[in-house]
file upload_12.cif (mmCIF, N, CA and C atoms)
data_input
#
loop_
_atom_site.label_atom_id
_atom_site.label_comp_id
_atom_site.auth_asym_id
_atom_site.auth_seq_id
_atom_site.Cartn_x
_atom_site.Cartn_y
_atom_site.Cartn_z
N MET A 733 11.16 6.26 13.28
CA MET A 733 10.30 7.00 12.37
C MET A 733 9.69 8.20 13.07
N SER A 734 9.14 8.01 14.29
CA SER A 734 8.63 9.13 15.06
C SER A 734 8.34 8.67 16.48
N ASP A 735 7.99 9.60 17.32
CA ASP A 735 7.67 9.25 18.70
C ASP A 735 6.16 9.20 18.93
N ILE A 736 5.38 9.12 17.88
CA ILE A 736 3.92 9.02 17.97
C ILE A 736 3.56 7.62 18.47
N THR A 737 2.62 7.55 19.37
CA THR A 737 2.22 6.25 19.89
C THR A 737 0.82 5.90 19.39
N ILE A 738 0.61 4.61 19.26
CA ILE A 738 -0.68 4.08 18.84
C ILE A 738 -0.89 2.80 19.65
N HIS A 739 -2.12 2.46 19.93
CA HIS A 739 -2.41 1.30 20.76
C HIS A 739 -3.30 0.32 20.00
N GLU A 740 -3.24 -0.92 20.40
CA GLU A 740 -4.08 -1.94 19.79
C GLU A 740 -5.54 -1.49 19.80
N GLY A 741 -6.19 -1.58 18.65
CA GLY A 741 -7.58 -1.17 18.51
C GLY A 741 -7.75 0.25 18.00
N ASP A 742 -6.70 1.06 18.04
CA ASP A 742 -6.78 2.42 17.50
C ASP A 742 -6.84 2.37 15.97
N GLN A 743 -7.57 3.32 15.40
CA GLN A 743 -7.59 3.42 13.95
C GLN A 743 -6.56 4.45 13.51
N TYR A 744 -6.02 4.23 12.31
CA TYR A 744 -5.10 5.18 11.71
C TYR A 744 -5.34 5.24 10.22
N THR A 745 -4.93 6.35 9.62
CA THR A 745 -5.13 6.56 8.19
C THR A 745 -3.86 6.22 7.43
N VAL A 746 -4.02 5.43 6.38
CA VAL A 746 -2.93 5.05 5.48
C VAL A 746 -2.99 5.97 4.26
N LEU A 747 -1.85 6.57 3.92
CA LEU A 747 -1.75 7.41 2.72
C LEU A 747 -0.76 6.74 1.77
N PHE A 748 -1.24 6.30 0.61
CA PHE A 748 -0.40 5.60 -0.35
C PHE A 748 0.32 6.60 -1.27
N HIS A 749 1.63 6.35 -1.48
CA HIS A 749 2.44 7.18 -2.37
C HIS A 749 3.12 6.29 -3.40
N GLY A 750 2.90 6.58 -4.68
CA GLY A 750 3.49 5.80 -5.76
C GLY A 750 2.66 4.58 -6.09
N GLY A 751 3.04 3.93 -7.16
CA GLY A 751 2.36 2.70 -7.57
C GLY A 751 0.91 2.95 -7.98
N PRO A 752 0.16 1.88 -8.13
CA PRO A 752 -1.20 2.00 -8.63
C PRO A 752 -2.18 2.62 -7.63
N PHE A 753 -1.85 2.68 -6.36
CA PHE A 753 -2.75 3.26 -5.36
C PHE A 753 -2.35 4.68 -4.98
N ASP A 754 -1.44 5.29 -5.73
CA ASP A 754 -0.92 6.63 -5.44
C ASP A 754 -2.06 7.62 -5.20
N GLY A 755 -1.98 8.32 -4.08
CA GLY A 755 -2.95 9.35 -3.77
C GLY A 755 -4.21 8.85 -3.08
N THR A 756 -4.34 7.56 -2.88
CA THR A 756 -5.52 7.03 -2.20
C THR A 756 -5.23 6.84 -0.72
N THR A 757 -6.30 6.67 0.04
CA THR A 757 -6.17 6.46 1.48
C THR A 757 -6.97 5.24 1.90
N ASP A 758 -6.68 4.78 3.09
CA ASP A 758 -7.39 3.65 3.68
C ASP A 758 -7.39 3.88 5.19
N THR A 759 -8.33 3.31 5.88
CA THR A 759 -8.36 3.36 7.33
C THR A 759 -8.12 1.95 7.84
N ARG A 760 -7.17 1.82 8.76
CA ARG A 760 -6.82 0.51 9.31
C ARG A 760 -6.94 0.57 10.82
N THR A 761 -7.08 -0.61 11.42
CA THR A 761 -7.11 -0.72 12.87
C THR A 761 -5.85 -1.43 13.32
N ALA A 762 -5.17 -0.84 14.28
CA ALA A 762 -3.93 -1.43 14.80
C ALA A 762 -4.23 -2.73 15.52
N THR A 763 -3.48 -3.77 15.20
CA THR A 763 -3.65 -5.07 15.86
C THR A 763 -2.62 -5.28 16.97
N THR A 764 -1.69 -4.33 17.07
CA THR A 764 -0.70 -4.31 18.15
C THR A 764 -0.55 -2.85 18.57
N ASP A 765 0.44 -2.56 19.38
CA ASP A 765 0.69 -1.17 19.77
C ASP A 765 1.59 -0.47 18.76
N ALA A 766 1.35 -0.70 17.47
CA ALA A 766 2.11 -0.07 16.40
C ALA A 766 1.30 -0.17 15.10
N TRP A 767 1.60 0.73 14.17
CA TRP A 767 1.00 0.61 12.85
C TRP A 767 1.80 -0.41 12.07
N ASP A 768 1.21 -0.92 10.99
CA ASP A 768 1.88 -1.91 10.15
C ASP A 768 3.08 -1.26 9.46
N GLN A 769 4.21 -1.96 9.47
CA GLN A 769 5.40 -1.46 8.77
C GLN A 769 5.29 -1.70 7.27
N GLU A 770 4.43 -2.64 6.89
CA GLU A 770 4.23 -2.97 5.48
C GLU A 770 2.75 -3.26 5.27
N VAL A 771 2.21 -2.77 4.17
CA VAL A 771 0.82 -2.98 3.82
C VAL A 771 0.77 -3.54 2.41
N THR A 772 -0.06 -4.55 2.20
CA THR A 772 -0.26 -5.10 0.86
C THR A 772 -1.67 -4.75 0.40
N ALA A 773 -1.76 -4.10 -0.74
CA ALA A 773 -3.04 -3.74 -1.34
C ALA A 773 -3.22 -4.59 -2.59
N TYR A 774 -4.45 -5.01 -2.84
CA TYR A 774 -4.73 -5.91 -3.97
C TYR A 774 -5.61 -5.21 -4.99
N ALA A 775 -5.33 -5.50 -6.27
CA ALA A 775 -6.13 -4.97 -7.37
C ALA A 775 -6.17 -6.00 -8.48
N GLY A 776 -7.24 -5.98 -9.26
CA GLY A 776 -7.34 -6.86 -10.41
C GLY A 776 -6.58 -6.26 -11.58
N VAL A 777 -5.64 -7.01 -12.14
CA VAL A 777 -4.87 -6.58 -13.31
C VAL A 777 -5.02 -7.67 -14.35
N GLU A 778 -5.67 -7.32 -15.46
CA GLU A 778 -5.91 -8.27 -16.54
C GLU A 778 -6.57 -9.55 -16.01
N GLY A 779 -7.51 -9.38 -15.10
CA GLY A 779 -8.26 -10.51 -14.57
C GLY A 779 -7.57 -11.29 -13.47
N LEU A 780 -6.39 -10.87 -13.05
CA LEU A 780 -5.65 -11.57 -11.99
C LEU A 780 -5.56 -10.69 -10.75
N GLU A 781 -5.77 -11.29 -9.58
CA GLU A 781 -5.57 -10.54 -8.34
C GLU A 781 -4.07 -10.31 -8.17
N THR A 782 -3.68 -9.05 -8.05
CA THR A 782 -2.28 -8.67 -8.02
C THR A 782 -1.98 -7.94 -6.72
N ALA A 783 -0.87 -8.31 -6.05
CA ALA A 783 -0.49 -7.73 -4.77
C ALA A 783 0.52 -6.60 -4.98
N PHE A 784 0.25 -5.46 -4.36
CA PHE A 784 1.14 -4.31 -4.40
C PHE A 784 1.56 -4.00 -2.97
N THR A 785 2.86 -3.98 -2.71
CA THR A 785 3.39 -3.79 -1.38
C THR A 785 3.81 -2.34 -1.16
N TYR A 786 3.48 -1.83 0.00
CA TYR A 786 3.83 -0.47 0.41
C TYR A 786 4.50 -0.54 1.78
N THR A 787 5.55 0.28 1.97
CA THR A 787 6.32 0.29 3.21
C THR A 787 6.15 1.63 3.92
N ALA A 788 5.94 1.59 5.24
CA ALA A 788 5.76 2.81 6.03
C ALA A 788 7.02 3.66 5.97
N THR A 789 6.85 4.97 5.77
CA THR A 789 7.98 5.88 5.69
C THR A 789 7.92 6.98 6.73
N GLU A 790 6.73 7.40 7.12
CA GLU A 790 6.60 8.50 8.06
C GLU A 790 5.22 8.44 8.71
N ALA A 791 5.16 8.86 9.96
CA ALA A 791 3.88 8.97 10.66
C ALA A 791 3.77 10.36 11.26
N LYS A 792 2.54 10.85 11.29
CA LYS A 792 2.33 12.17 11.90
C LYS A 792 0.96 12.19 12.58
N GLN A 793 0.86 13.01 13.60
CA GLN A 793 -0.40 13.21 14.30
C GLN A 793 -1.13 14.35 13.63
N VAL A 794 -2.37 14.13 13.18
CA VAL A 794 -3.19 15.17 12.56
C VAL A 794 -4.48 15.24 13.38
N LEU A 795 -4.58 16.28 14.18
CA LEU A 795 -5.66 16.42 15.16
C LEU A 795 -5.66 15.18 16.06
N ASP A 796 -6.74 14.40 16.05
CA ASP A 796 -6.77 13.23 16.93
C ASP A 796 -6.52 11.93 16.17
N GLN A 797 -6.02 12.01 14.96
CA GLN A 797 -5.81 10.83 14.10
C GLN A 797 -4.34 10.70 13.72
N VAL A 798 -3.85 9.46 13.69
CA VAL A 798 -2.50 9.18 13.21
C VAL A 798 -2.57 8.91 11.71
N HIS A 799 -1.72 9.59 10.96
CA HIS A 799 -1.60 9.38 9.51
C HIS A 799 -0.24 8.76 9.25
N VAL A 800 -0.22 7.65 8.50
CA VAL A 800 1.03 6.98 8.18
C VAL A 800 1.19 6.97 6.66
N ASP A 801 2.34 7.49 6.19
CA ASP A 801 2.67 7.49 4.77
C ASP A 801 3.31 6.17 4.40
N TYR A 802 2.88 5.60 3.27
CA TYR A 802 3.43 4.35 2.76
C TYR A 802 3.91 4.55 1.34
N ALA A 803 5.15 4.14 1.05
CA ALA A 803 5.74 4.26 -0.28
C ALA A 803 5.66 2.93 -1.01
N PHE A 804 5.35 2.98 -2.29
CA PHE A 804 5.27 1.78 -3.13
C PHE A 804 6.62 1.08 -3.17
N ASP A 805 6.59 -0.24 -3.01
CA ASP A 805 7.81 -1.06 -3.02
C ASP A 805 7.69 -2.07 -4.17
N PRO A 806 8.15 -1.70 -5.37
CA PRO A 806 7.96 -2.58 -6.53
C PRO A 806 8.70 -3.92 -6.42
N LYS A 807 9.82 -3.96 -5.70
CA LYS A 807 10.57 -5.22 -5.63
C LYS A 807 9.83 -6.29 -4.82
N ASP A 808 8.98 -5.89 -3.89
CA ASP A 808 8.21 -6.85 -3.10
C ASP A 808 6.79 -7.03 -3.61
N SER A 809 6.44 -6.35 -4.69
CA SER A 809 5.11 -6.44 -5.29
C SER A 809 5.11 -7.45 -6.43
N ASP A 810 3.91 -7.91 -6.79
CA ASP A 810 3.80 -8.78 -7.96
C ASP A 810 4.21 -7.99 -9.20
N PRO A 811 4.91 -8.63 -10.13
CA PRO A 811 5.32 -7.91 -11.35
C PRO A 811 4.12 -7.61 -12.25
N VAL A 812 4.14 -6.42 -12.83
CA VAL A 812 3.09 -6.00 -13.75
C VAL A 812 3.78 -5.34 -14.94
N ASP A 813 3.39 -5.74 -16.15
CA ASP A 813 3.95 -5.12 -17.35
C ASP A 813 3.54 -3.66 -17.42
N GLN A 814 4.44 -2.81 -17.92
CA GLN A 814 4.10 -1.42 -18.18
C GLN A 814 3.07 -1.39 -19.30
N LEU A 815 2.19 -0.40 -19.29
CA LEU A 815 1.13 -0.32 -20.30
C LEU A 815 1.68 -0.38 -21.71
N ASP A 816 2.78 0.31 -21.99
CA ASP A 816 3.31 0.35 -23.35
C ASP A 816 4.07 -0.92 -23.72
N GLU A 817 4.24 -1.85 -22.78
CA GLU A 817 4.96 -3.10 -23.06
C GLU A 817 4.04 -4.32 -23.05
N ARG A 818 2.75 -4.12 -22.94
CA ARG A 818 1.83 -5.25 -22.78
C ARG A 818 1.53 -5.97 -24.09
N GLY A 819 1.60 -5.28 -25.20
CA GLY A 819 1.34 -5.95 -26.48
C GLY A 819 -0.12 -6.25 -26.67
N ASP A 820 -0.41 -7.00 -27.70
CA ASP A 820 -1.78 -7.37 -28.04
C ASP A 820 -2.19 -8.59 -27.25
N ARG A 821 -3.16 -8.46 -26.37
CA ARG A 821 -3.64 -9.58 -25.53
C ARG A 821 -4.94 -10.18 -26.07
N SER A 822 -5.34 -9.79 -27.27
CA SER A 822 -6.62 -10.26 -27.78
C SER A 822 -6.61 -11.74 -28.13
N GLY A 823 -5.44 -12.31 -28.36
CA GLY A 823 -5.37 -13.72 -28.73
C GLY A 823 -5.25 -14.66 -27.55
N GLY A 824 -5.34 -14.14 -26.36
CA GLY A 824 -5.23 -15.01 -25.18
C GLY A 824 -4.14 -14.54 -24.25
N PHE A 825 -3.91 -15.32 -23.28
CA PHE A 825 -2.93 -14.97 -22.25
C PHE A 825 -1.55 -15.34 -22.73
N ASP A 826 -0.66 -14.33 -22.92
CA ASP A 826 0.61 -14.60 -23.57
C ASP A 826 1.82 -14.26 -22.69
N ARG A 827 1.69 -14.36 -21.40
CA ARG A 827 2.86 -14.13 -20.54
C ARG A 827 3.79 -15.33 -20.62
N ALA A 828 5.07 -15.03 -20.61
CA ALA A 828 6.06 -16.11 -20.65
C ALA A 828 6.39 -16.59 -19.27
#
call {"tool": "encode", "arguments": {"input": "upload_12.cif", "output": "structure tokens"}}
result
Amino acid sequence: MSDITIHEGDQYTVLFHGGPFDGTTDTRTATTDAWDQEVTAYAGVEGLETAFTYTATEAKQVLDQVHVDYAFDPKDSDPVDQLDERGDRSGGFDRA
């Protein structure tokens, strides 16, 4: 991916691309001498905690901070109905 180095305890910035967290950022602390290759972000969807998986695609040095781009990975994320396919949920929970 790149020749940028990071060490355990260093902080780095996560930039989310795609999915429900598109355009948002997070700050993480490295637990090894590398950034996470995969990040799972959680959000409430219709009252359920839902996991969204993002995979590292690129890293770059920006001044004294490492920025890592993460792309949404729908196949490894919890399934979520598209807004236009959700139907009427007023009568209760109707997932099959």
call {"tool": "closest_residue", "arguments": {"input": "upload_12.cif", "among": "A:Glu781, A:Gly750, A:Thr772, A:Lys792", "to": "Ile736 (chain A)", "atoms": "all atoms listed in the file"}}
result
A:Lys792
call {"tool": "resolve_selection", "arguments": {"input": "upload_12.cif", "expression": "the PyMOL selection byres ((chain A and resi 801-815) around 5)", "output": "VMD selection string"}}
result
chain A and resid 747 to 750 783 to 791 799 to 800 816 to 818
call {"tool": "write_last_selection", "arguments": {"input": "upload_12.cif", "atoms": "N, CA and C atoms", "output": "CSV table (one decimal), in the coordinates of the input"}}
result
chain,number,residue,atom,x,y,z
A,747,LEU,N,-1.8,6.6,3.9
A,747,LEU,CA,-1.8,7.4,2.7
A,747,LEU,C,-0.8,6.7,1.8
A,748,PHE,N,-1.2,6.3,0.6
A,748,PHE,CA,-0.4,5.6,-0.4
A,748,PHE,C,0.3,6.6,-1.3
A,749,HIS,N,1.6,6.4,-1.5
A,749,HIS,CA,2.4,7.2,-2.4
A,749,HIS,C,3.1,6.3,-3.4
A,750,GLY,N,2.9,6.6,-4.7
A,750,GLY,CA,3.5,5.8,-5.8
A,750,GLY,C,2.7,4.6,-6.1
A,783,ALA,N,-0.9,-8.3,-6.0
A,783,ALA,CA,-0.5,-7.7,-4.8
A,783,ALA,C,0.5,-6.6,-5.0
A,784,PHE,N,0.2,-5.5,-4.4
A,784,PHE,CA,1.1,-4.3,-4.4
A,784,PHE,C,1.6,-4.0,-3.0
A,785,THR,N,2.9,-4.0,-2.7
A,785,THR,CA,3.4,-3.8,-1.4
A,785,THR,C,3.8,-2.3,-1.2
A,786,TYR,N,3.5,-1.8,0.0
A,786,TYR,CA,3.8,-0.5,0.4
A,786,TYR,C,4.5,-0.5,1.8
A,787,THR,N,5.6,0.3,2.0
A,787,THR,CA,6.3,0.3,3.2
A,787,THR,C,6.2,1.6,3.9
A,788,ALA,N,5.9,1.6,5.2
A,788,ALA,CA,5.8,2.8,6.0
A,788,ALA,C,7.0,3.7,6.0
A,789,THR,N,6.8,5.0,5.8
A,789,THR,CA,8.0,5.9,5.7
A,789,THR,C,7.9,7.0,6.7
A,790,GLU,N,6.7,7.4,7.1
A,790,GLU,CA,6.6,8.5,8.1
A,790,GLU,C,5.2,8.4,8.7
A,791,ALA,N,5.2,8.9,10.0
A,791,ALA,CA,3.9,9.0,10.7
A,791,ALA,C,3.8,10.4,11.3
A,799,HIS,N,-1.7,9.6,11.0
A,799,HIS,CA,-1.6,9.4,9.5
A,799,HIS,C,-0.2,8.8,9.2
A,800,VAL,N,-0.2,7.6,8.5
A,800,VAL,CA,1.0,7.0,8.2
A,800,VAL,C,1.2,7.0,6.7
A,816,ASP,N,2.8,0.3,-22.0
A,816,ASP,CA,3.3,0.4,-23.4
A,816,ASP,C,4.1,-0.9,-23.7
A,817,GLU,N,4.2,-1.8,-22.8
A,817,GLU,CA,5.0,-3.1,-23.1
A,817,GLU,C,4.0,-4.3,-23.0
A,818,ARG,N,2.8,-4.1,-22.9
A,818,ARG,CA,1.8,-5.2,-22.8
A,818,ARG,C,1.5,-6.0,-24.1
call {"tool": "resolve_selection", "arguments": {"input": "upload_12.cif", "expression": "the PyMOL selection byres ((chain A and resi 759) around 7)", "output": "mmCIF file with N, CA and C atoms, keeping the file's coordinate frame"}}
result
data_model
loop_
_atom_site.group_PDB
_atom_site.id
_atom_site.type_symbol
_atom_site.label_atom_id
_atom_site.label_comp_id
_atom_site.auth_asym_id
_atom_site.auth_seq_id
_atom_site.Cartn_x
_atom_site.Cartn_y
_atom_site.Cartn_z
ATOM 1 N N GLN A 743 -7.570 3.320 15.400
ATOM 2 C CA GLN A 743 -7.590 3.420 13.950
ATOM 3 C C GLN A 743 -6.560 4.450 13.510
ATOM 4 N N TYR A 744 -6.020 4.230 12.310
ATOM 5 C CA TYR A 744 -5.100 5.180 11.710
ATOM 6 C C TYR A 744 -5.340 5.240 10.220
ATOM 7 N N THR A 745 -4.930 6.350 9.620
ATOM 8 C CA THR A 745 -5.130 6.560 8.190
ATOM 9 C C THR A 745 -3.860 6.220 7.430
ATOM 10 N N VAL A 746 -4.020 5.430 6.380
ATOM 11 C CA VAL A 746 -2.930 5.050 5.480
ATOM 12 C C VAL A 746 -2.990 5.970 4.260
ATOM 13 N N THR A 757 -6.300 6.670 0.040
ATOM 14 C CA THR A 757 -6.170 6.460 1.480
ATOM 15 C C THR A 757 -6.970 5.240 1.900
ATOM 16 N N ASP A 758 -6.680 4.780 3.090
ATOM 17 C CA ASP A 758 -7.390 3.650 3.680
ATOM 18 C C ASP A 758 -7.390 3.880 5.190
ATOM 19 N N ARG A 760 -7.170 1.820 8.760
ATOM 20 C CA ARG A 760 -6.820 0.510 9.310
ATOM 21 C C ARG A 760 -6.940 0.570 10.820
ATOM 22 N N THR A 761 -7.080 -0.610 11.420
ATOM 23 C CA THR A 761 -7.110 -0.720 12.870
ATOM 24 C C THR A 761 -5.850 -1.430 13.320
#
call {"tool": "resolve_selection", "arguments": {"input": "upload_12.cif", "expression": "the PyMOL selection byres (((chain A and resi 764 and name CA) around 9) and name CA)", "output": "number ranges by chain"}}
result
A: 738-741, 762-763, 765-768
call {"tool": "atom_distance", "arguments": {"input": "upload_12.cif", "atom1": "CA of Asp735 (chain A)", "atom2": "atom N of Gln793 (chain A)"}}
result
9.3 Å
call {"tool": "atom_distance", "arguments": {"input": "upload_12.cif", "atom1": "CA of Thr782 (chain A)", "atom2": "CA of Gln797 (chain A)"}}
result
29.7 Å
call {"tool": "closest_residue", "arguments": {"input": "upload_12.cif", "among": "A:Leu780, A:Thr737, A:Ala773, A:Leu795", "to": "Asp754 (chain A)", "atoms": "only C-alpha atoms"}}
result
A:Ala773
call {"tool": "select_by_dssp", "arguments": {"input": "upload_12.cif", "residues": "region 751-826 of chain A", "states": "strand (DSSP E)", "output": "PyMOL selection string"}}
result
chain A and resi 757-761+770-777+780-794+797-804
call {"tool": "atom_distance", "arguments": {"input": "upload_12.cif", "atom1": "atom C of Phe753 (chain A)", "atom2": "atom C of Val794 (chain A)"}}
result
21.3 Å
